[in-house]
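Undergrad: Structure: start15.txt, compact mmCIF, C-alpha atoms.
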```
# COMPACT_ATOMS: atom_id res chain seq x y z
CA MET A 12 -53.02 -4.20 -52.96
CA LEU A 13 -51.27 -5.49 -49.86
CA ASP A 14 -47.55 -6.08 -49.92
CA ARG A 15 -47.83 -9.61 -48.60
CA ARG A 16 -44.16 -10.19 -47.97
CA ASN A 17 -43.72 -6.99 -45.96
CA LEU A 18 -47.00 -7.45 -44.10
CA LEU A 19 -46.24 -11.02 -43.10
CA ALA A 20 -42.71 -10.08 -42.15
CA GLY A 21 -44.16 -7.44 -39.85
CA LEU A 22 -46.57 -9.92 -38.35
CA THR A 23 -43.80 -12.40 -37.58
CA THR A 24 -41.29 -10.01 -36.07
CA THR A 25 -40.66 -10.56 -32.38
CA PHE A 26 -40.95 -7.34 -30.38
CA ALA A 27 -39.91 -6.30 -26.87
CA LEU A 28 -37.93 -9.47 -26.23
CA ALA A 29 -35.63 -7.52 -23.97
CA ALA A 30 -38.26 -8.06 -21.30
CA CYS A 31 -37.57 -11.79 -21.51
CA GLY A 32 -34.08 -11.34 -20.15
CA GLN A 33 -34.98 -9.57 -16.93
CA GLY A 34 -35.07 -12.51 -14.55
CA LYS A 35 -38.31 -13.03 -12.68
CA GLY A 36 -39.28 -9.38 -13.03
CA GLY A 37 -39.86 -8.86 -9.31
CA ALA A 38 -42.84 -9.62 -7.07
CA GLY A 39 -44.83 -6.65 -8.42
CA VAL A 40 -44.22 -7.43 -12.10
CA LEU A 41 -46.10 -9.84 -14.35
CA ARG A 42 -44.30 -10.67 -17.59
CA VAL A 43 -46.93 -11.43 -20.21
CA GLY A 44 -46.17 -12.91 -23.61
CA SER A 45 -48.50 -12.14 -26.48
CA GLN A 46 -48.76 -13.46 -29.99
CA LYS A 47 -49.03 -10.57 -32.40
CA GLY A 48 -52.59 -9.29 -32.32
CA SER A 49 -53.58 -11.31 -29.27
CA THR A 50 -53.50 -10.57 -25.54
CA LYS A 51 -51.72 -7.23 -25.64
CA ALA A 52 -54.11 -5.69 -28.15
CA LEU A 53 -57.08 -6.99 -26.16
CA MET A 54 -55.90 -5.56 -22.86
CA LEU A 55 -54.85 -2.20 -24.30
CA ALA A 56 -58.06 -1.70 -26.27
CA SER A 57 -60.38 -2.65 -23.41
CA GLY A 58 -58.54 -0.77 -20.66
CA ALA A 59 -58.81 -3.94 -18.59
CA LEU A 60 -55.50 -3.26 -16.86
CA ASP A 61 -56.54 0.16 -15.57
CA GLY A 62 -55.90 0.36 -11.83
CA ALA A 63 -53.77 -2.78 -11.64
CA SER A 64 -51.45 -2.71 -8.64
CA TYR A 65 -48.62 -4.41 -10.51
CA LYS A 66 -46.58 -3.67 -13.61
CA ILE A 67 -46.96 -5.54 -16.90
CA GLU A 68 -43.88 -6.27 -18.98
CA TRP A 69 -44.99 -7.25 -22.48
CA SER A 70 -43.13 -9.48 -24.92
CA GLU A 71 -44.51 -10.29 -28.37
CA PHE A 72 -44.00 -13.43 -30.41
CA PRO A 73 -44.77 -14.48 -34.00
CA ALA A 74 -46.31 -17.86 -33.11
CA ALA A 75 -47.36 -20.03 -30.18
CA GLN A 76 -44.23 -22.16 -30.43
CA ASN A 77 -41.95 -19.20 -29.73
CA LEU A 78 -44.14 -18.09 -26.85
CA LEU A 79 -44.20 -21.59 -25.38
CA GLU A 80 -40.40 -21.76 -25.48
CA ALA A 81 -40.26 -18.56 -23.44
CA LEU A 82 -42.86 -19.90 -21.00
CA GLY A 83 -41.03 -23.18 -20.62
CA SER A 84 -37.78 -21.41 -19.83
CA GLY A 85 -39.47 -19.14 -17.28
CA ALA A 86 -38.68 -16.05 -19.34
CA VAL A 87 -42.33 -14.93 -19.22
CA ASP A 88 -45.02 -15.61 -16.61
CA LEU A 89 -48.17 -15.95 -18.73
CA GLY A 90 -49.22 -16.32 -22.34
CA LEU A 91 -52.23 -17.37 -24.40
CA VAL A 92 -51.86 -20.21 -26.94
CA GLY A 93 -54.13 -22.63 -28.75
CA ASP A 94 -54.90 -26.08 -27.43
CA ALA A 95 -52.80 -27.97 -29.99
CA PRO A 96 -49.50 -26.16 -29.39
CA PHE A 97 -50.06 -26.36 -25.64
CA GLN A 98 -50.55 -30.13 -25.74
CA PHE A 99 -47.57 -30.52 -28.05
CA ALA A 100 -45.27 -28.54 -25.73
CA TYR A 101 -46.59 -30.14 -22.55
CA GLN A 102 -46.00 -33.65 -23.83
CA ALA A 103 -42.49 -32.60 -24.85
CA GLY A 104 -41.79 -32.11 -21.13
CA SER A 105 -42.18 -28.34 -20.76
CA PRO A 106 -42.70 -27.28 -17.10
CA ILE A 107 -45.92 -25.41 -17.84
CA LYS A 108 -49.61 -25.66 -16.97
CA ALA A 109 -52.85 -24.13 -18.21
CA VAL A 110 -54.25 -21.74 -15.61
CA GLY A 111 -57.15 -20.40 -17.66
CA ALA A 112 -59.20 -21.42 -20.68
CA GLN A 113 -61.09 -19.60 -23.42
CA LEU A 114 -63.42 -20.93 -26.10
CA THR A 115 -64.11 -19.34 -29.45
CA GLN A 116 -67.86 -18.82 -29.40
CA GLN A 117 -68.32 -20.02 -32.95
CA VAL A 118 -65.55 -21.46 -35.10
CA ARG A 119 -66.26 -19.51 -38.26
CA PRO A 120 -64.93 -20.06 -41.79
CA GLY A 121 -61.27 -19.16 -41.94
CA SER A 122 -60.51 -19.12 -38.23
CA VAL A 123 -58.06 -21.93 -38.95
CA ALA A 124 -57.66 -23.16 -42.51
CA LEU A 125 -55.51 -24.87 -45.09
CA ILE A 126 -55.12 -22.32 -47.85
CA VAL A 127 -53.96 -22.78 -51.43
CA PRO A 128 -53.30 -20.51 -54.40
CA GLY A 129 -56.44 -19.47 -56.22
CA ALA A 130 -55.64 -21.63 -59.27
CA SER A 131 -54.76 -24.75 -57.26
CA PRO A 132 -56.56 -28.01 -58.13
CA ILE A 133 -56.85 -28.82 -54.42
CA ARG A 134 -60.52 -28.56 -53.41
CA ASP A 135 -60.82 -30.71 -50.30
CA ALA A 136 -58.90 -32.98 -47.94
CA LYS A 137 -58.86 -35.92 -50.37
CA ASP A 138 -56.95 -33.80 -52.88
CA LEU A 139 -54.06 -33.42 -50.42
CA LYS A 140 -52.62 -36.83 -51.33
CA GLY A 141 -49.17 -36.50 -52.85
CA LYS A 142 -48.91 -32.79 -52.11
CA ARG A 143 -46.27 -30.74 -50.30
CA LEU A 144 -47.89 -28.83 -47.44
CA ALA A 145 -46.42 -26.22 -45.13
CA THR A 146 -47.30 -25.61 -41.51
CA THR A 147 -45.61 -24.78 -38.21
CA ARG A 148 -44.72 -27.82 -36.11
CA GLY A 149 -47.01 -28.28 -33.11
CA SER A 150 -49.29 -25.41 -34.12
CA VAL A 151 -53.06 -25.38 -34.51
CA GLY A 152 -52.33 -25.38 -38.24
CA HIS A 153 -50.36 -28.60 -37.82
CA TYR A 154 -53.26 -30.09 -35.87
CA LEU A 155 -55.73 -29.07 -38.58
CA LEU A 156 -53.57 -30.73 -41.23
CA LEU A 157 -53.51 -34.00 -39.28
CA ARG A 158 -57.25 -33.90 -38.67
CA ALA A 159 -57.86 -33.18 -42.35
CA LEU A 160 -55.72 -36.13 -43.39
CA ALA A 161 -57.53 -38.42 -40.95
CA SER A 162 -60.93 -37.22 -42.22
CA ALA A 163 -59.93 -38.25 -45.76
CA GLY A 164 -58.49 -41.59 -44.70
CA LEU A 165 -54.94 -40.44 -45.42
CA GLY A 166 -51.82 -41.03 -43.37
CA ALA A 167 -48.66 -39.06 -42.68
CA LYS A 168 -46.83 -40.70 -45.61
CA ASP A 169 -49.50 -39.63 -48.09
CA VAL A 170 -48.24 -36.03 -48.01
CA THR A 171 -44.93 -34.27 -47.58
CA THR A 172 -45.16 -31.96 -44.58
CA VAL A 173 -42.75 -29.02 -44.55
CA PHE A 174 -42.38 -27.32 -41.18
CA LEU A 175 -41.81 -23.59 -41.54
CA SER A 176 -42.44 -20.33 -39.70
CA PRO A 177 -45.49 -18.38 -40.92
CA SER A 178 -43.46 -15.93 -43.01
CA ASP A 179 -41.36 -18.70 -44.59
CA ALA A 180 -44.47 -20.82 -45.24
CA ARG A 181 -46.14 -17.94 -47.07
CA ALA A 182 -43.03 -17.33 -49.18
CA ALA A 183 -42.81 -21.05 -49.99
CA MET A 184 -46.40 -21.11 -51.23
CA GLN A 185 -45.86 -17.97 -53.27
CA SER A 186 -42.86 -19.52 -54.98
CA GLY A 187 -44.59 -22.84 -55.63
CA ALA A 188 -42.25 -24.75 -53.31
CA VAL A 189 -45.31 -26.04 -51.44
CA ASP A 190 -48.85 -26.67 -52.63
CA GLY A 191 -50.67 -25.37 -49.56
CA TRP A 192 -50.31 -23.88 -46.10
CA SER A 193 -52.22 -24.87 -42.96
CA THR A 194 -52.36 -21.81 -40.71
CA TRP A 195 -54.46 -19.50 -38.55
CA GLN A 196 -55.59 -15.89 -38.30
CA PRO A 197 -54.51 -13.28 -39.21
CA TYR A 198 -52.42 -15.12 -41.80
CA VAL A 199 -55.53 -16.64 -43.38
CA ALA A 200 -57.13 -13.23 -43.84
CA THR A 201 -54.04 -11.66 -45.41
CA SER A 202 -53.72 -14.54 -47.87
CA LEU A 203 -57.39 -14.48 -48.84
CA ALA A 204 -57.12 -10.75 -49.48
CA GLU A 205 -54.48 -11.50 -52.10
CA GLY A 206 -56.47 -14.11 -54.01
CA ASP A 207 -55.67 -17.36 -52.24
CA ARG A 208 -58.57 -19.54 -51.12
CA ILE A 209 -59.51 -22.03 -48.43
CA ALA A 210 -59.25 -25.70 -49.42
CA VAL A 211 -59.90 -27.18 -45.97
CA ASP A 212 -61.68 -25.20 -43.29
CA GLY A 213 -61.21 -25.85 -39.58
CA ARG A 214 -64.90 -26.02 -38.70
CA GLY A 215 -65.67 -29.47 -37.38
CA LEU A 216 -61.99 -30.34 -37.19
CA VAL A 217 -60.65 -27.97 -34.50
CA GLN A 218 -62.29 -27.30 -31.15
CA GLY A 219 -61.56 -23.60 -30.71
CA TYR A 220 -60.00 -23.72 -27.24
CA SER A 221 -57.16 -21.45 -26.14
CA PHE A 222 -55.30 -21.60 -22.84
CA ASP A 223 -53.58 -19.10 -20.60
CA ILE A 224 -50.30 -20.87 -19.87
CA ALA A 225 -47.92 -20.23 -16.98
CA PRO A 226 -44.63 -21.85 -16.03
CA GLU A 227 -44.69 -23.78 -12.77
CA SER A 228 -42.32 -21.19 -11.27
CA ALA A 229 -44.82 -18.36 -11.84
CA ILE A 230 -47.69 -20.45 -10.46
CA ALA A 231 -45.66 -20.89 -7.28
CA ASP A 232 -44.42 -17.31 -6.97
CA LYS A 233 -47.07 -15.10 -8.61
CA LYS A 234 -50.39 -16.87 -8.15
CA ALA A 235 -52.22 -13.74 -6.96
CA LEU A 236 -51.01 -11.71 -9.94
CA LEU A 237 -51.98 -14.47 -12.36
CA ALA A 238 -55.46 -14.70 -10.83
CA ASP A 239 -55.98 -10.95 -11.04
CA PHE A 240 -54.80 -10.80 -14.64
CA LEU A 241 -57.18 -13.60 -15.66
CA LYS A 242 -60.12 -11.72 -14.11
CA ARG A 243 -59.17 -8.59 -16.01
CA GLU A 244 -58.71 -10.57 -19.21
CA ALA A 245 -62.23 -11.97 -18.82
CA LYS A 246 -63.58 -8.41 -18.59
CA GLY A 247 -61.58 -7.51 -21.68
CA LEU A 248 -63.10 -10.39 -23.63
CA GLU A 249 -66.59 -9.25 -22.67
CA TRP A 250 -65.74 -5.71 -23.77
CA VAL A 251 -64.55 -6.90 -27.18
CA ARG A 252 -67.88 -8.62 -27.92
CA ALA A 253 -69.65 -5.27 -27.64
CA ASN A 254 -66.92 -3.09 -29.17
CA LEU A 255 -65.54 -4.89 -32.22
CA ASP A 256 -64.95 -1.72 -34.22
CA ALA A 257 -62.99 -0.03 -31.44
CA TYR A 258 -61.00 -3.20 -30.87
CA ALA A 259 -60.25 -3.55 -34.59
CA LYS A 260 -58.69 -0.07 -34.65
CA VAL A 261 -56.26 -0.95 -31.84
CA LEU A 262 -55.63 -4.34 -33.43
CA ALA A 263 -54.74 -2.65 -36.70
CA GLN A 264 -52.29 -0.36 -34.90
CA GLU A 265 -50.67 -3.28 -33.06
CA THR A 266 -50.36 -5.60 -36.07
CA GLY A 267 -50.02 -3.29 -39.05
CA LEU A 268 -53.06 -4.96 -40.62
CA PRO A 269 -55.53 -2.87 -42.64
CA VAL A 270 -58.52 -1.99 -40.46
CA ALA A 271 -60.90 -4.08 -42.58
CA ILE A 272 -58.81 -7.22 -42.12
CA ALA A 273 -58.28 -6.43 -38.44
CA ARG A 274 -62.07 -6.19 -38.08
CA GLN A 275 -62.47 -9.60 -39.69
CA PHE A 276 -59.77 -11.04 -37.44
CA ALA A 277 -61.47 -9.55 -34.37
CA GLU A 278 -64.84 -11.03 -35.26
CA LEU A 279 -63.43 -14.47 -36.01
CA GLY A 280 -61.56 -14.53 -32.71
CA THR A 281 -64.39 -13.64 -30.32
CA ARG A 282 -63.82 -15.78 -27.20
CA LEU A 283 -65.16 -16.16 -23.67
CA PRO A 284 -63.59 -17.75 -20.58
CA VAL A 285 -64.62 -21.31 -19.73
CA PRO A 286 -63.86 -23.37 -16.62
CA LEU A 287 -60.97 -25.81 -16.39
CA ASP A 288 -63.28 -28.73 -15.68
CA GLN A 289 -63.32 -32.46 -16.42
CA ASP A 290 -65.39 -31.97 -19.57
CA LEU A 291 -62.78 -29.64 -21.03
CA ILE A 292 -59.97 -32.06 -20.16
CA ALA A 293 -61.86 -34.91 -21.82
CA ARG A 294 -62.25 -32.85 -24.98
CA GLN A 295 -58.53 -32.17 -25.02
CA GLN A 296 -57.86 -35.89 -25.19
CA VAL A 297 -58.90 -35.71 -28.86
CA VAL A 298 -56.09 -33.25 -29.56
CA LEU A 299 -53.51 -35.40 -27.82
CA ASP A 300 -54.73 -38.60 -29.47
CA THR A 301 -54.50 -36.99 -32.92
CA PHE A 302 -50.85 -36.05 -32.42
CA ARG A 303 -50.15 -39.57 -31.13
CA GLN A 304 -51.96 -41.22 -34.05
CA PHE A 305 -49.56 -39.53 -36.47
CA GLY A 306 -46.49 -40.20 -34.34
CA GLU A 307 -45.93 -36.53 -33.53
CA VAL A 308 -46.15 -37.11 -29.75
CA LYS A 309 -44.64 -40.14 -28.04
CA ALA A 310 -44.61 -39.07 -24.37
CA ASP A 311 -47.44 -39.96 -22.01
CA ARG A 312 -47.68 -37.24 -19.39
CA PRO A 313 -51.12 -37.48 -17.69
CA LEU A 314 -53.43 -34.95 -19.31
CA ARG A 315 -55.10 -34.10 -15.98
CA ASP A 316 -51.76 -32.82 -14.66
CA ALA A 317 -51.54 -30.16 -17.37
CA PHE A 318 -54.03 -27.85 -15.64
CA ALA A 319 -53.82 -25.77 -12.45
CA ALA A 320 -56.29 -23.40 -10.81
CA VAL A 321 -54.88 -20.08 -9.54
CA GLY A 322 -58.09 -18.27 -8.58
```
Please, can you express the file's structure as structure tokens?
TA:
Amino acid sequence: MLDRRNLLAGLTTTFALAACGQGKGGAGVLRVGSQKGSTKALMLASGALDGASYKIEWSEFPAAQNLLEALGSGAVDLGLVGDAPFQFAYQAGSPIKAVGAQLTQQVRPGSVALIVPGASPIRDAKDLKGKRLATTRGSVGHYLLLRALASAGLGAKDVTTVFLSPSDARAAMQSGAVDGWSTWQPYVATSLAEGDRIAVDGRGLVQGYSFDIAPESAIADKKALLADFLKREAKGLEWVRANLDAYAKVLAQETGLPVAIARQFAELGTRLPVPLDQDLIARQQVVLDTFRQFGEVKADRPLRDAFAAVG
């Protein structure tokens, strides 16, 4: 049996943050932030960085919000986050832009989900009324919760939302302090392995987009490095589709997850690059409108200005 508390604590520990305090890192250095089990594992497993003419300084973060804070401050040059946290941070005034986009090829069960204890009476979105629900503010889990409420005709006041980090949210659900937790992989997989279940699945509610985000300072100073990294990342994503088992082994080493769960995580997260075009921007309006509908975003920065081509 998994030790959930220790496993989740390991997943939410921030590593290598010393790299974030090294100024701009120099013209031949690209400082890349990675959520645990994300970009770093992909690039190491695929060998996509072999032969790069510049140095990579890695920093790892427990959630998109922490990574976005580092991007907004210019402490890192590039990082991959989901569409919801990106829109949330951008509308908050962060000096960042999306320079690349990826789309999950098929949003599968459990990619993003609201999970509950196995014995919970909550079976669907309508059952959320009157419940205490944990998520991380501005995360894709937060977005899923809002979309689930809207799908059931519920409003923000129909539930009590408790904003917590992933490790604290898990502990709160274990103790009964909250009735459910809206989160993402690999946290969904670790919870399901311990007997929790999915009450609301993200299919049909989330779009599955992720964005490579860069601060405006890096776009100005390191455009060539950003463009090269994105090309290599695209090759890495192609490699993963054909080498899931090999990727899962590296993913397990990077995250501390059991190989079986890492394999599940790898399969659920299969993505491919997509262009930053007008169709994509139009689809992102849904994300922004959802946050606005629930009063979570009040700013009105033009959505079209949130994207920048570097290639």
Undergrad: Counting all atoms listed in the file, figure out which residue out of A:Asp179, A:Glu307, A:Asp212, A:Asp207 gets nearest to Pro73 (chain A).
TA: A:Asp179
Undergrad: Can you pull out the residues contacting Ala124 (chain A)? Cut-off 7 Å, using only C-alpha atoms, and skip same-chain residues under 2 positions away; I want them as a list in words.
TA: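 Here the answer would be Gly121, Ser122, Ile126, Ser193, Thr194, Trp195, Val199, Ile209, Val211, Asp212 and Gly213 of chain A.
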Undergrad: Using only C-alpha atoms, find all polymer residues with an atom at most 10 Å away from the point (-50.5, -7.2, -33.2); report them as a ChimeraX atom specification.
TA: /A:21-23,26,45-53,71-73,197,261-268,273
Undergrad: So, with all atoms listed in the file as the atoms that count, which of A:Phe174, A:Phe222, A:Tyr101, A:Phe240 lies closest to Ala63 (chain A)?
TA: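 Of A:Phe174, A:Phe222, A:Tyr101, A:Phe240, the one nearest Ala63 (chain A), counting all atoms listed in the file, is A:Phe240.
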Undergrad: When distances are computed from all atoms listed in the file, which of A:Leu237, A:Ala180, A:Leu139, A:Lys108 shows the smallest separation from Ile67 (chain A)?
TA: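 Smallest distance to Ile67 (chain A) is found for A:Leu237.
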Undergrad: Give the answer as one residue: which of A:Gly247, A:Glu80, A:Val298, A:Leu91 has the shortest atom-to-atom distance to Ala112 (chain A), using only C-alpha atoms?
TA: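 Of A:Gly247, A:Glu80, A:Val298, A:Leu91, the one nearest Ala112 (chain A), counting only C-alpha atoms, is A:Leu91.
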Undergrad: May I ask which of the residues A:Leu155, A:Ala277, A:Leu203, A:Leu241 is the closest one to Ala257 (chain A), counting only C-alpha atoms?
TA: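 Of the candidates, the smallest distance to Ala257 (chain A) is held by A:Ala277.
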Undergrad: Between CA of Asp88 (chain A) and CA of Pro313 (chain A), measure the distance and give it in Å to one decimal.
TA: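 CA of Pro313 (chain A) lies 22.7 Å from CA of Asp88 (chain A).
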Undergrad: Just checking: using only C-alpha atoms, which residue out of A:Pro226, A:Gly164, A:Pro132, A:Gly58 ends up closest to Gly104 (chain A)?
TA: A:Pro226
